[in-house]
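J.: input-v2.cif is reproduced below (mmCIF, C-alpha atoms).
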data_entry
#
loop_
_atom_site.label_atom_id
_atom_site.label_comp_id
_atom_site.auth_asym_id
_atom_site.auth_seq_id
_atom_site.Cartn_x
_atom_site.Cartn_y
_atom_site.Cartn_z
CA MET M 81 -8.49 -24.83 16.65
CA THR M 82 -7.51 -21.33 15.64
CA GLN M 83 -5.93 -20.53 12.30
CA THR M 84 -3.36 -17.80 11.81
CA ILE M 85 -2.86 -16.39 8.32
CA VAL M 86 0.07 -14.22 7.34
CA GLY M 87 -0.51 -12.25 4.15
CA ILE M 88 2.77 -11.58 2.40
CA GLY M 89 2.58 -8.93 -0.29
CA THR M 90 5.64 -8.93 -2.53
CA ARG M 91 6.88 -7.16 -5.60
CA LYS M 92 5.55 -10.02 -7.74
CA GLY M 93 2.41 -11.21 -6.03
CA LEU M 94 0.70 -12.24 -2.80
CA TRP M 95 1.40 -15.35 -0.77
CA LEU M 96 -0.65 -16.58 2.17
CA ALA M 97 0.99 -18.58 4.97
CA ARG M 98 -1.42 -20.51 7.20
CA SER M 99 -0.85 -22.28 10.48
CA GLU M 100 -2.85 -23.77 13.31
CA ASP M 101 0.04 -23.70 15.79
CA ARG M 102 2.07 -20.77 14.35
CA ARG M 103 5.06 -23.11 14.08
CA THR M 104 4.41 -25.12 10.94
CA TRP M 105 3.16 -23.18 7.95
CA GLN M 106 1.47 -24.01 4.68
CA VAL M 107 2.11 -21.40 2.03
CA ASP M 108 -0.05 -20.83 -1.04
CA GLY M 109 0.43 -18.42 -3.88
CA PRO M 110 1.17 -16.47 -5.82
CA HIS M 111 -2.07 -14.58 -6.14
CA PHE M 112 -1.91 -11.62 -8.55
CA LEU M 113 1.34 -12.84 -10.09
CA MET M 114 3.55 -10.05 -11.43
CA SER M 115 1.78 -7.39 -9.42
CA GLU M 116 3.23 -5.34 -6.59
CA VAL M 117 1.08 -6.06 -3.55
CA LEU M 118 1.37 -2.91 -1.48
CA SER M 119 -1.56 -3.13 0.93
CA LEU M 120 -3.53 -5.80 2.76
CA LEU M 121 -6.38 -5.81 5.22
CA PHE M 122 -7.82 -8.77 7.09
CA ASP M 123 -11.22 -7.41 8.08
CA THR M 124 -12.54 -9.49 10.97
CA ARG M 125 -15.45 -7.19 11.81
CA ARG M 126 -17.69 -8.94 9.31
CA ALA M 127 -19.63 -12.17 9.85
CA THR M 128 -17.34 -13.66 7.21
CA PRO M 129 -13.75 -12.42 7.42
CA ARG M 130 -12.74 -10.42 4.37
CA LEU M 131 -9.29 -10.04 2.86
CA VAL M 132 -8.83 -6.82 0.88
CA VAL M 133 -5.74 -6.40 -1.29
CA GLY M 134 -4.36 -3.38 -3.11
CA PHE M 135 -1.87 -4.12 -5.89
CA ARG M 136 -0.55 -2.77 -9.14
CA SER M 137 0.82 -4.23 -12.32
CA SER M 138 3.52 -2.28 -14.11
CA HIS M 139 1.57 -2.93 -17.31
CA TRP M 140 -2.07 -2.99 -16.33
CA GLY M 141 -2.19 -0.43 -13.55
CA PRO M 142 -3.61 -0.53 -10.03
CA SER M 143 -6.38 -2.75 -8.76
CA LEU M 144 -8.12 -3.56 -5.54
CA GLN M 145 -9.81 -6.88 -4.93
CA HIS M 146 -11.39 -8.66 -1.99
CA SER M 147 -11.95 -12.23 -0.98
CA ASP M 148 -14.65 -13.48 1.38
CA ASP M 149 -13.19 -16.99 1.40
CA LEU M 150 -9.67 -16.09 2.49
CA GLY M 151 -8.07 -16.21 -0.90
CA ALA M 152 -9.91 -19.03 -2.67
CA THR M 153 -11.74 -16.58 -4.96
CA TRP M 154 -11.40 -12.86 -5.61
CA VAL M 155 -13.83 -10.11 -6.52
CA GLU M 156 -12.97 -6.93 -8.40
CA HIS M 157 -15.52 -4.15 -8.65
CA PRO M 158 -16.34 -3.72 -12.36
CA GLU M 159 -16.06 0.06 -12.22
CA GLY M 160 -12.93 0.01 -10.06
CA SER M 161 -12.94 0.44 -6.30
CA ILE M 162 -10.86 3.61 -6.25
CA ARG M 163 -11.21 6.09 -9.11
CA PHE M 164 -10.22 9.71 -8.91
CA PRO M 165 -13.17 11.97 -9.71
CA GLU M 166 -13.09 13.54 -13.16
CA ASP M 167 -12.58 17.08 -11.86
CA THR M 168 -9.27 16.11 -10.25
CA ASP M 169 -7.73 15.17 -13.63
CA THR M 170 -5.77 12.55 -11.71
CA ALA M 171 -5.25 8.84 -12.13
CA LEU M 172 -4.70 6.37 -9.31
CA LYS M 173 -1.20 4.92 -9.21
CA ALA M 174 -1.51 2.55 -6.25
CA THR M 175 -3.22 1.83 -2.95
CA TRP M 176 -0.60 1.86 -0.23
CA GLN M 177 -2.73 1.39 2.87
CA LEU M 178 -5.98 -0.32 3.86
CA VAL M 179 -7.29 0.17 7.40
CA ALA M 180 -10.45 -0.92 9.20
CA ASP M 181 -12.33 1.89 10.91
CA PRO M 182 -12.50 1.27 14.67
CA HIS M 183 -16.03 2.70 15.01
CA ASP M 184 -18.09 1.61 11.99
CA PRO M 185 -17.76 -2.03 10.88
CA GLN M 186 -18.64 -1.16 7.29
CA VAL M 187 -16.02 1.57 6.94
CA VAL M 188 -12.59 0.92 5.45
CA TRP M 189 -9.98 3.63 4.84
CA ALA M 190 -7.45 3.65 2.03
CA GLY M 191 -4.33 5.70 1.49
CA THR M 192 -3.17 6.08 -2.08
CA GLU M 193 -0.53 7.36 -4.47
CA PRO M 194 -0.92 10.17 -5.37
CA GLN M 195 -1.64 11.46 -1.88
CA GLY M 196 -5.30 10.60 -1.41
CA LEU M 197 -7.32 9.45 1.58
CA TRP M 198 -10.41 7.43 0.73
CA ARG M 199 -13.41 6.16 2.71
CA SER M 200 -15.44 3.07 1.91
CA GLU M 201 -18.82 2.42 3.45
CA ASP M 202 -19.24 -1.03 1.93
CA GLY M 203 -16.34 -2.94 3.40
CA GLY M 204 -13.77 -1.87 0.83
CA GLU M 205 -15.69 -2.41 -2.40
CA THR M 206 -16.05 1.26 -3.40
CA PHE M 207 -14.35 4.34 -2.01
CA GLU M 208 -14.94 8.09 -1.95
CA LEU M 209 -12.11 10.63 -1.99
CA ASN M 210 -11.68 12.78 1.13
CA ARG M 211 -11.89 16.27 -0.33
CA GLY M 212 -10.65 18.03 2.77
CA LEU M 213 -7.19 16.52 2.44
CA TRP M 214 -7.14 16.43 -1.36
CA GLU M 215 -7.86 20.14 -1.58
CA HIS M 216 -5.45 21.09 1.19
CA PRO M 217 -3.50 24.22 0.24
CA HIS M 218 -0.21 22.47 1.08
CA ARG M 219 -0.77 19.82 -1.61
CA PRO M 220 1.37 21.46 -4.33
CA GLU M 221 4.34 21.40 -1.96
CA TRP M 222 4.08 17.77 -0.93
CA GLY M 223 6.93 15.77 -2.41
CA GLU M 224 7.61 12.25 -3.55
CA GLY M 225 9.90 9.89 -1.71
CA PHE M 226 11.80 7.24 -3.64
CA GLY M 227 8.73 5.02 -3.82
CA GLY M 228 6.33 7.78 -4.84
CA GLY M 229 4.14 10.31 -3.07
CA ALA M 230 1.45 8.51 -1.12
CA ILE M 231 -0.60 8.47 2.05
CA HIS M 232 1.27 5.54 3.58
CA THR M 233 -0.10 5.73 7.10
CA VAL M 234 -3.76 6.00 8.10
CA LEU M 235 -4.51 5.93 11.84
CA PRO M 236 -8.10 6.58 12.86
CA SER M 237 -8.44 7.29 16.55
CA PRO M 238 -9.99 4.37 18.45
CA VAL M 239 -11.61 6.77 20.95
CA ASP M 240 -12.74 9.71 18.78
CA ALA M 241 -14.54 8.98 15.53
CA ASP M 242 -13.78 12.49 14.24
CA SER M 243 -10.05 12.20 14.79
CA MET M 244 -7.47 10.69 12.48
CA LEU M 245 -3.78 10.93 11.62
CA VAL M 246 -2.34 10.39 8.16
CA ALA M 247 1.28 10.57 7.07
CA MET M 248 3.20 10.88 3.84
CA SER M 249 6.78 11.28 2.73
CA THR M 250 7.48 13.94 2.04
CA GLY M 251 4.79 16.08 3.57
CA GLY M 252 4.71 14.67 7.08
CA VAL M 253 1.87 14.16 9.53
CA TYR M 254 -1.60 15.68 9.12
CA ASN M 255 -4.46 15.45 11.61
CA THR M 256 -8.18 15.98 11.47
CA ARG M 257 -10.43 16.54 14.47
CA ASP M 258 -13.64 17.13 12.52
CA GLY M 259 -14.16 13.89 10.68
CA GLY M 260 -11.93 14.78 7.74
CA ARG M 261 -13.35 18.16 6.78
CA SER M 262 -10.16 19.98 7.70
CA TRP M 263 -6.58 18.87 8.19
CA THR M 264 -3.74 20.45 10.14
CA PRO M 265 -0.05 19.55 9.89
CA GLY M 266 1.30 17.89 13.03
CA ASN M 267 5.06 18.00 12.65
CA THR M 268 6.21 20.27 15.46
CA GLY M 269 9.48 18.93 16.77
CA ILE M 270 10.31 16.76 13.76
CA HIS M 271 13.62 17.71 12.19
CA ALA M 272 13.87 18.09 8.40
CA TYR M 273 17.65 18.31 7.91
CA PHE M 274 17.17 18.07 4.14
CA GLN M 275 15.49 21.48 4.01
CA PRO M 276 18.46 23.74 4.78
CA HIS M 277 16.42 26.93 4.46
CA ASP M 278 14.18 25.81 7.33
CA GLU M 279 15.06 22.63 9.18
CA TRP M 280 11.95 22.83 11.42
CA PRO M 281 9.16 23.49 8.92
CA GLU M 282 5.43 23.32 9.52
CA PHE M 283 5.25 20.47 7.00
CA GLY M 284 7.45 18.74 4.45
CA GLN M 285 9.00 16.20 6.81
CA CYS M 286 9.85 12.73 5.56
CA VAL M 287 7.87 10.50 7.90
CA HIS M 288 8.30 6.84 7.02
CA LYS M 289 5.78 5.24 9.37
CA VAL M 290 3.67 6.13 12.39
CA ALA M 291 2.31 3.63 14.92
CA ARG M 292 -0.28 4.25 17.62
CA ASP M 293 0.34 2.99 21.14
CA SER M 294 -1.94 0.08 22.00
CA ALA M 295 -2.81 1.30 25.50
CA THR M 296 -2.66 5.09 25.24
CA PRO M 297 -4.41 6.15 22.01
CA THR M 298 -3.00 9.68 22.09
CA ARG M 299 0.56 8.33 22.16
CA LEU M 300 2.21 7.76 18.79
CA TYR M 301 5.61 6.71 17.52
CA ALA M 302 7.16 7.92 14.25
CA GLN M 303 10.05 6.45 12.34
CA ASN M 304 11.35 9.22 10.14
CA HIS M 305 13.98 9.61 7.49
CA ARG M 306 16.65 10.19 10.14
CA GLY M 307 14.81 10.51 13.40
CA VAL M 308 12.57 8.58 15.78
CA TYR M 309 9.92 10.49 17.70
CA ARG M 310 7.06 10.12 20.15
CA SER M 311 3.96 12.23 20.43
CA ASP M 312 1.88 12.36 23.60
CA ASP M 313 -0.75 14.72 22.22
CA ASP M 314 -2.24 12.65 19.42
CA GLY M 315 0.22 13.62 16.74
CA VAL M 316 0.55 17.38 17.19
CA THR M 317 3.99 17.74 18.77
CA TRP M 318 6.87 15.29 18.86
CA THR M 319 9.98 14.64 20.93
CA SER M 320 12.99 12.62 19.92
CA ILE M 321 13.32 9.13 21.37
CA GLU M 322 16.28 8.06 19.28
CA ALA M 323 18.81 8.03 22.15
CA GLY M 324 19.94 4.47 22.68
CA LEU M 325 19.17 3.29 19.16
CA PRO M 326 22.03 2.13 16.91
CA THR M 327 20.74 4.42 14.15
CA ASN M 328 17.90 6.86 13.67
CA PHE M 329 17.05 5.66 10.15
CA GLY M 330 14.54 3.00 9.23
CA MET M 331 11.27 2.44 7.46
CA THR M 332 8.81 0.72 9.78
CA ALA M 333 7.33 0.97 13.27
CA VAL M 334 4.95 -1.55 14.84
CA SER M 335 3.13 -1.17 18.14
CA ASN M 336 2.97 -4.10 20.47
CA PRO M 337 -0.74 -4.96 20.74
CA ALA M 338 -0.20 -6.80 24.02
CA ARG M 339 1.56 -4.03 25.87
CA GLY M 340 1.37 -0.27 26.03
CA ASP M 341 4.52 1.83 25.66
CA SER M 342 6.00 -0.99 23.59
CA VAL M 343 6.97 -0.63 19.94
CA TRP M 344 9.34 -2.28 17.49
CA LEU M 345 11.57 -0.60 14.94
CA VAL M 346 13.84 -2.17 12.35
CA PRO M 347 16.89 0.08 12.08
CA ILE M 348 18.77 0.71 8.85
CA ALA M 349 22.35 1.99 9.00
CA SER M 350 21.58 5.31 7.25
CA ASP M 351 19.86 6.77 4.24
CA GLY M 352 23.12 6.53 2.32
CA GLU M 353 23.88 3.01 3.58
CA ARG M 354 20.72 0.97 3.43
CA ILE M 355 21.85 -2.16 5.18
CA PRO M 356 21.28 -3.22 8.79
CA PRO M 357 23.58 -1.50 11.28
CA GLY M 358 26.76 -3.55 11.51
CA ALA M 359 25.26 -5.95 8.96
CA THR M 360 23.14 -7.33 11.80
CA LEU M 361 19.48 -7.60 10.89
CA GLN M 362 17.71 -6.68 14.09
CA LEU M 363 14.68 -5.22 15.73
CA GLN M 364 14.82 -2.59 18.42
CA ARG M 365 12.08 -2.80 21.03
CA THR M 366 11.18 -0.34 23.72
CA ASP M 367 8.88 -1.12 26.63
CA ASP M 368 9.01 2.35 28.13
CA ALA M 369 7.79 4.50 25.26
CA GLY M 370 11.25 5.12 23.87
CA ALA M 371 13.24 5.87 27.02
CA THR M 372 15.33 2.75 26.47
CA TRP M 373 15.74 0.25 23.63
CA HIS M 374 17.04 -3.26 23.39
CA THR M 375 18.32 -5.24 20.44
CA GLN M 376 16.48 -8.34 19.23
CA ASP M 377 18.29 -10.45 16.65
CA ALA M 378 18.15 -14.06 17.87
CA GLY M 379 17.20 -16.26 14.96
CA LEU M 380 17.76 -13.59 12.34
CA PRO M 381 20.52 -14.19 9.76
CA LYS M 382 23.94 -12.70 10.34
CA PRO M 383 25.58 -11.09 8.54
CA SER M 384 22.68 -9.69 6.58
CA TYR M 385 22.45 -6.93 4.03
CA THR M 386 18.69 -6.89 3.59
CA ASN M 387 16.08 -4.49 4.95
CA VAL M 388 12.47 -4.34 6.06
CA LEU M 389 10.21 -1.91 4.23
CA ARG M 390 7.61 0.36 5.81
CA ASP M 391 4.65 -2.03 5.75
CA ALA M 392 6.56 -5.30 5.78
CA ALA M 393 5.97 -6.04 9.46
CA GLY M 394 2.77 -6.74 11.33
CA THR M 395 1.21 -8.57 14.25
CA ASP M 396 -1.51 -11.19 14.31
CA THR M 397 -4.63 -10.96 16.49
CA HIS M 398 -3.82 -13.90 18.76
CA GLU M 399 -4.22 -13.21 22.50
CA GLU M 400 -0.46 -13.73 22.70
CA PRO M 401 0.42 -11.81 19.55
CA GLY M 402 2.94 -13.01 17.04
CA LEU M 403 5.01 -10.54 15.05
CA TYR M 404 5.93 -11.21 11.42
CA VAL M 405 8.72 -9.42 9.59
CA GLY M 406 9.33 -9.65 5.84
CA THR M 407 12.63 -8.78 4.20
CA ARG M 408 13.62 -7.39 0.85
CA ASN M 409 15.24 -10.72 -0.01
CA GLY M 410 11.97 -12.58 0.24
CA GLU M 411 11.99 -14.08 3.70
CA VAL M 412 9.50 -13.80 6.53
CA TYR M 413 10.47 -14.25 10.17
CA ALA M 414 8.04 -14.89 13.01
CA THR M 415 8.38 -14.33 16.71
CA LEU M 416 5.97 -15.59 19.35
CA ASP M 417 7.89 -14.20 22.32
CA GLY M 418 7.82 -10.52 21.59
CA GLY M 419 10.94 -10.56 19.47
CA GLU M 420 13.28 -12.46 21.77
CA SER M 421 13.63 -15.20 19.14
CA PHE M 422 12.74 -15.46 15.48
CA THR M 423 12.00 -18.36 13.18
CA ARG M 424 11.98 -18.14 9.40
CA ILE M 425 8.60 -19.24 8.08
CA VAL M 426 9.02 -18.47 4.35
CA GLU M 427 11.97 -17.98 2.04
CA GLN M 428 12.74 -17.49 -1.66
CA LEU M 429 9.88 -15.09 -2.31
CA PRO M 430 10.27 -11.82 -4.22
CA ASP M 431 11.05 -8.78 -2.07
CA VAL M 432 8.43 -8.33 0.62
CA LEU M 433 6.48 -5.06 0.53
CA CYS M 434 3.67 -5.71 2.96
CA VAL M 435 2.92 -8.13 5.81
CA ARG M 436 -0.38 -8.36 7.66
CA ALA M 437 -1.61 -11.20 9.86
CA VAL M 438 -4.75 -12.41 11.53
CA THR M 439 -5.73 -15.17 13.92
CA LEU M 440 -9.20 -16.58 13.32
CA PRO M 441 -11.21 -18.71 15.74
CA MET R 171 -18.10 -1.91 -41.44
CA THR R 172 -16.14 -3.62 -38.70
CA ALA R 173 -12.93 -2.66 -37.03
CA ARG R 174 -11.10 -5.19 -34.89
CA VAL R 175 -9.51 -4.70 -31.47
CA VAL R 176 -6.98 -7.48 -30.91
CA LEU R 177 -6.21 -8.30 -27.28
CA PRO R 178 -2.96 -9.57 -25.75
CA GLY R 179 -3.15 -13.11 -24.44
CA LEU R 180 -2.71 -11.92 -20.84
CA LEU R 181 -5.99 -9.98 -20.95
CA ARG R 182 -8.25 -12.34 -22.83
CA ASP R 183 -9.69 -13.90 -19.68
CA LEU R 184 -11.24 -10.51 -18.94
CA ALA R 185 -13.25 -10.76 -22.17
CA ASP R 186 -14.44 -14.34 -21.69
CA GLY R 187 -11.44 -15.61 -23.65
CA ALA R 188 -11.99 -13.51 -26.79
CA ALA R 189 -8.84 -12.86 -28.81
CA GLU R 190 -10.37 -9.88 -30.54
CA LEU R 191 -13.42 -7.69 -30.24
CA PRO R 192 -15.36 -6.41 -33.26
CA VAL R 193 -16.47 -2.78 -33.37
CA GLU R 194 -19.07 -1.63 -35.87
CA LEU R 195 -18.17 1.77 -37.33
CA GLU R 196 -19.98 3.85 -39.92
CA GLY R 197 -16.86 5.90 -40.61
CA PRO R 198 -13.57 7.00 -39.07
CA ALA R 199 -13.69 7.46 -35.30
CA PRO R 200 -11.28 8.54 -32.57
CA LEU R 201 -9.41 5.69 -30.89
CA ALA R 202 -11.03 6.61 -27.56
CA ASP R 203 -14.50 5.98 -29.00
CA VAL R 204 -13.42 2.69 -30.56
CA LEU R 205 -11.97 1.44 -27.29
CA ASP R 206 -15.08 2.59 -25.40
CA LEU R 207 -17.27 0.60 -27.79
CA ALA R 208 -15.05 -2.48 -27.74
CA PHE R 209 -14.75 -2.60 -23.97
CA GLU R 210 -18.24 -1.47 -23.04
CA PRO R 211 -19.21 -4.99 -21.86
CA TRP R 212 -15.82 -5.43 -20.18
CA PRO R 213 -15.13 -2.52 -17.78
CA ILE R 214 -12.37 -4.33 -15.88
CA LEU R 215 -10.58 -5.01 -19.19
CA ALA R 216 -10.98 -1.35 -20.08
CA SER R 217 -9.35 -0.32 -16.79
CA ARG R 218 -6.27 -2.41 -17.58
CA ILE R 219 -5.62 -0.43 -20.75
CA ARG R 220 -6.64 3.13 -19.88
CA ASP R 221 -6.69 5.00 -16.58
CA GLU R 222 -9.70 6.86 -15.22
CA ARG R 223 -8.72 9.93 -17.23
CA GLY R 224 -8.99 7.83 -20.38
CA GLU R 225 -5.25 7.88 -21.07
CA ILE R 226 -3.50 4.75 -22.33
CA ARG R 227 -1.42 3.32 -19.50
CA ARG R 228 2.30 3.99 -19.61
CA HIS R 229 3.38 0.43 -20.33
CA VAL R 230 0.56 -0.46 -22.70
CA ASN R 231 0.91 0.21 -26.40
CA VAL R 232 -1.98 0.51 -28.86
CA PHE R 233 -1.31 0.25 -32.57
CA VAL R 234 -3.79 1.42 -35.19
CA ASP R 235 -3.09 -0.38 -38.46
CA GLY R 236 0.48 -0.78 -37.30
CA GLU R 237 0.98 2.80 -36.13
CA ASP R 238 1.76 3.43 -32.46
CA ALA R 239 -1.06 5.64 -31.22
CA LYS R 240 1.16 7.21 -28.56
CA ARG R 241 3.42 8.51 -31.32
CA ALA R 242 0.37 9.75 -33.22
CA GLU R 243 -2.45 11.58 -31.46
CA GLY R 244 -2.95 9.23 -28.53
CA VAL R 245 -6.57 8.39 -27.85
CA ARG R 246 -7.56 10.98 -30.49
CA THR R 247 -5.82 8.98 -33.22
CA GLU R 248 -8.27 8.33 -36.05
CA VAL R 249 -9.38 4.74 -36.56
CA GLY R 250 -10.76 3.71 -39.93
CA PRO R 251 -13.96 1.67 -40.13
CA GLN R 252 -12.05 -1.46 -41.15
CA ALA R 253 -8.92 -0.86 -39.11
CA THR R 254 -7.11 -3.32 -36.90
CA VAL R 255 -6.26 -2.07 -33.42
CA HIS R 256 -3.66 -4.08 -31.53
CA VAL R 257 -3.38 -3.75 -27.75
CA ILE R 258 0.05 -4.93 -26.63
CA ASN R 259 1.84 -4.95 -23.28
CA ALA R 260 4.99 -2.91 -23.76
CA VAL R 261 8.42 -4.51 -23.54
CA SER R 262 9.04 -3.18 -20.06
CA GLY R 263 8.47 -4.10 -16.46
CA GLY R 264 10.37 -6.45 -14.22
#
Hey, can you dump this file as structure tokens for me?
T.:
Amino acid sequence: MTQTIVGIGTRKGLWLARSEDRRTWQVDGPHFLMSEVLSLLFDTRRATPRLVVGFRSSHWGPSLQHSDDLGATWVEHPEGSIRFPEDTDTALKATWQLVADPHDPQVVWAGTEPQGLWRSEDGGETFELNRGLWEHPHRPEWGEGFGGGAIHTVLPSPVDADSMLVAMSTGGVYNTRDGGRSWTPGNTGIHAYFQPHDEWPEFGQCVHKVARDSATPTRLYAQNHRGVYRSDDDGVTWTSIEAGLPTNFGMTAVSNPARGDSVWLVPIASDGERIPPGATLQLQRTDDAGATWHTQDAGLPKPSYTNVLRDAAGTDTHEEPGLYVGTRNGEVYATLDGGESFTRIVEQLPDVLCVRAVTLP
Amino acid sequence: MTARVVLPGLLRDLADGAAELPVELEGPAPLADVLDLAFEPWPILASRIRDERGEIRRHVNVFVDGEDAKRAEGVRTEVGPQATVHVINAVSGG
């Protein structure tokens, strides 16, 4: 019997929902009570699955811990997993992203606030700062979105071990093709209306989330602060795919692991009106790489005035993937039919910051 | 002579339950040195109070004989050899 676990990182701790049939759920938590849980990784490449969690306490600062027994016990590295080197005169604020490397089963990537990219060679226990990005000449001009300035998206290429995309808001997309030694902005075609002196800058865009297509690795989708785009050249140039959407604003984007050219967005009315469009909490799914979109809201509450944050949606690893969506009012909805119908699996949690799921044999 | 570093209840598990940590001092010392000595066996506890630059975290207050170190000279505040250092979570957060 398989077990599916949905990790739900909230503003006040981590909860774990477990199910054998993905219909009835047992929820345990909170772990790390009173900490913002911003990043989760279920690492299934190891003989024993590992759960890595990045969180921060408003009092006691950031921390990163891992569990090799799926949440029963936790390990924190005594010297800290992520520490800025002394010469940077910088302190870690939070770990926003944890990603398994697709080529090396020991390597885990982390994106942090301030804007750092980190590489671990021991499964997420200790990390080393990527100097190429940290010392990028654009760094002084990168800005901070409302939540802070962070590397919020880390997408290693599944076909080229030297290639990776990262994204930040504001700053935009940056790519490496040489294993992280050098980084080049990849924002051509992304509109930055908020920079009236140059609305099409080389960098400085406010990218909220980027997702990689599951079938075509050089195809990417970006949900921006006003704008939805697709890249067909591995994140170098972008074209708008927002036609047909109710709004071009939102925070998250999730690729459909079962189907290429398929991605979900969760639209928000606008940056000045952060509620669902028409007070209808909904997903928008495309199955043709953004040419057309259709609304998915069956089973979601209506009216609704809540939102889904940039990392608060994720898919499990079941052969028929489930999608899990967490809201700012502490609910998590699951769909097993690609978004055609949703069921609430958790409620009454603090606002959901991060959702990641795994299906284990 | 012995100075005392008194821990908040929320952090005592990180020092095997100790409510306070003794620090042997021969004379006055900077607060940074006193905290380094007190937390030397407890690096995770140390990381909760100061960041990797050695600065006291924003929402943690450290009092040296009742004086807020952040309003004095921060981690350079002088600590007497019999002083009491209180580490307290600030009245903030949500």
J.: When distances are computed from all atoms listed in the file, which of M:Asp341, M:Glu322, M:Ser249, M:Pro430 shows the smallest separation from chain R?
T.: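 Of the candidates, the smallest distance to chain R is held by M:Pro430.
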J.: Can you tell me, as a PyMOL selection string, what residues are no more than 10 Å from segment 120-134 of chain M when counting only C-alpha atoms, ignoring any on the same chain fewer than 4 positions away?
T.: chain M and resi 85-89+94+112+115-116+142-151+154-155+161+174-182+184-186+188+190+192+203-205+391+396-397+434-440
J.: Translate the PyMOL selection byres ((chain M) within 7 of (chain R)) into a concrete residue list for this structure, as a list of chain:residue names.
T.: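 Taken over the shown coordinates, the PyMOL selection byres ((chain M) within 7 of (chain R)) returns M:Ser138, M:His139, M:Trp140, M:Gly141, M:Pro158, M:Glu159, M:Arg163, M:Phe164, M:Glu166, M:Asp169, M:Thr170, M:Ala171.
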J.: Those same residues, written as a PDB file, keeping the file's coordinate frame with C-alpha atoms?
T.:
ATOM      1  CA  SER M 138       3.520  -2.280 -14.110  1.00  0.00           C
ATOM      2  CA  HIS M 139       1.570  -2.930 -17.310  1.00  0.00           C
ATOM      3  CA  TRP M 140      -2.070  -2.990 -16.330  1.00  0.00           C
ATOM      4  CA  GLY M 141      -2.190  -0.430 -13.550  1.00  0.00           C
ATOM      5  CA  PRO M 158     -16.340  -3.720 -12.360  1.00  0.00           C
ATOM      6  CA  GLU M 159     -16.060   0.060 -12.220  1.00  0.00           C
ATOM      7  CA  ARG M 163     -11.210   6.090  -9.110  1.00  0.00           C
ATOM      8  CA  PHE M 164     -10.220   9.710  -8.910  1.00  0.00           C
ATOM      9  CA  GLU M 166     -13.090  13.540 -13.160  1.00  0.00           C
ATOM     10  CA  ASP M 169      -7.730  15.170 -13.630  1.00  0.00           C
ATOM     11  CA  THR M 170      -5.770  12.550 -11.710  1.00  0.00           C
ATOM     12  CA  ALA M 171      -5.250   8.840 -12.130  1.00  0.00           C
TER      13      ALA M 171
END
J.: On this file, the PyMOL selection byres ((chain R and resi 183-197) around 8) gives some set of residues; write that set as a PDB file with C-alpha atoms, in the coordinates of the input.
T.:
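Result file selection_13.pdb:
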ATOM      1  CA  MET R 171     -18.100  -1.910 -41.440  1.00  0.00           C
ATOM      2  CA  THR R 172     -16.140  -3.620 -38.700  1.00  0.00           C
ATOM      3  CA  ALA R 173     -12.930  -2.660 -37.030  1.00  0.00           C
ATOM      4  CA  ARG R 174     -11.100  -5.190 -34.890  1.00  0.00           C
ATOM      5  CA  VAL R 175      -9.510  -4.700 -31.470  1.00  0.00           C
ATOM      6  CA  VAL R 176      -6.980  -7.480 -30.910  1.00  0.00           C
ATOM      7  CA  LEU R 177      -6.210  -8.300 -27.280  1.00  0.00           C
ATOM      8  CA  PRO R 178      -2.960  -9.570 -25.750  1.00  0.00           C
ATOM      9  CA  GLY R 179      -3.150 -13.110 -24.440  1.00  0.00           C
ATOM     10  CA  LEU R 180      -2.710 -11.920 -20.840  1.00  0.00           C
ATOM     11  CA  LEU R 181      -5.990  -9.980 -20.950  1.00  0.00           C
ATOM     12  CA  ARG R 182      -8.250 -12.340 -22.830  1.00  0.00           C
ATOM     13  CA  PRO R 198     -13.570   7.000 -39.070  1.00  0.00           C
ATOM     14  CA  ALA R 199     -13.690   7.460 -35.300  1.00  0.00           C
ATOM     15  CA  VAL R 204     -13.420   2.690 -30.560  1.00  0.00           C
ATOM     16  CA  LEU R 207     -17.270   0.600 -27.790  1.00  0.00           C
ATOM     17  CA  ALA R 208     -15.050  -2.480 -27.740  1.00  0.00           C
ATOM     18  CA  TRP R 212     -15.820  -5.430 -20.180  1.00  0.00           C
ATOM     19  CA  ILE R 214     -12.370  -4.330 -15.880  1.00  0.00           C
ATOM     20  CA  LEU R 215     -10.580  -5.010 -19.190  1.00  0.00           C
ATOM     21  CA  GLY R 250     -10.760   3.710 -39.930  1.00  0.00           C
ATOM     22  CA  PRO R 251     -13.960   1.670 -40.130  1.00  0.00           C
ATOM     23  CA  GLN R 252     -12.050  -1.460 -41.150  1.00  0.00           C
TER      24      GLN R 252
END
J.: Would you translate the PyMOL selection byres ((chain M and resi 393) around 8) into the concrete set of residues it matches in this file, as an mmCIF file with C-alpha atoms, keeping the file's coordinate frame?
T.:
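Dumped everything to expr_9.cif:
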data_model
loop_
_atom_site.group_PDB
_atom_site.id
_atom_site.type_symbol
_atom_site.label_atom_id
_atom_site.label_comp_id
_atom_site.auth_asym_id
_atom_site.auth_seq_id
_atom_site.Cartn_x
_atom_site.Cartn_y
_atom_site.Cartn_z
ATOM 1 C CA THR M 332 8.810 0.720 9.780
ATOM 2 C CA VAL M 334 4.950 -1.550 14.840
ATOM 3 C CA VAL M 388 12.470 -4.340 6.060
ATOM 4 C CA LEU M 389 10.210 -1.910 4.230
ATOM 5 C CA ARG M 390 7.610 0.360 5.810
ATOM 6 C CA ASP M 391 4.650 -2.030 5.750
ATOM 7 C CA ALA M 392 6.560 -5.300 5.780
ATOM 8 C CA GLY M 394 2.770 -6.740 11.330
ATOM 9 C CA THR M 395 1.210 -8.570 14.250
ATOM 10 C CA LEU M 403 5.010 -10.540 15.050
ATOM 11 C CA TYR M 404 5.930 -11.210 11.420
ATOM 12 C CA VAL M 405 8.720 -9.420 9.590
ATOM 13 C CA GLY M 406 9.330 -9.650 5.840
ATOM 14 C CA CYS M 434 3.670 -5.710 2.960
ATOM 15 C CA VAL M 435 2.920 -8.130 5.810
ATOM 16 C CA ARG M 436 -0.380 -8.360 7.660
#
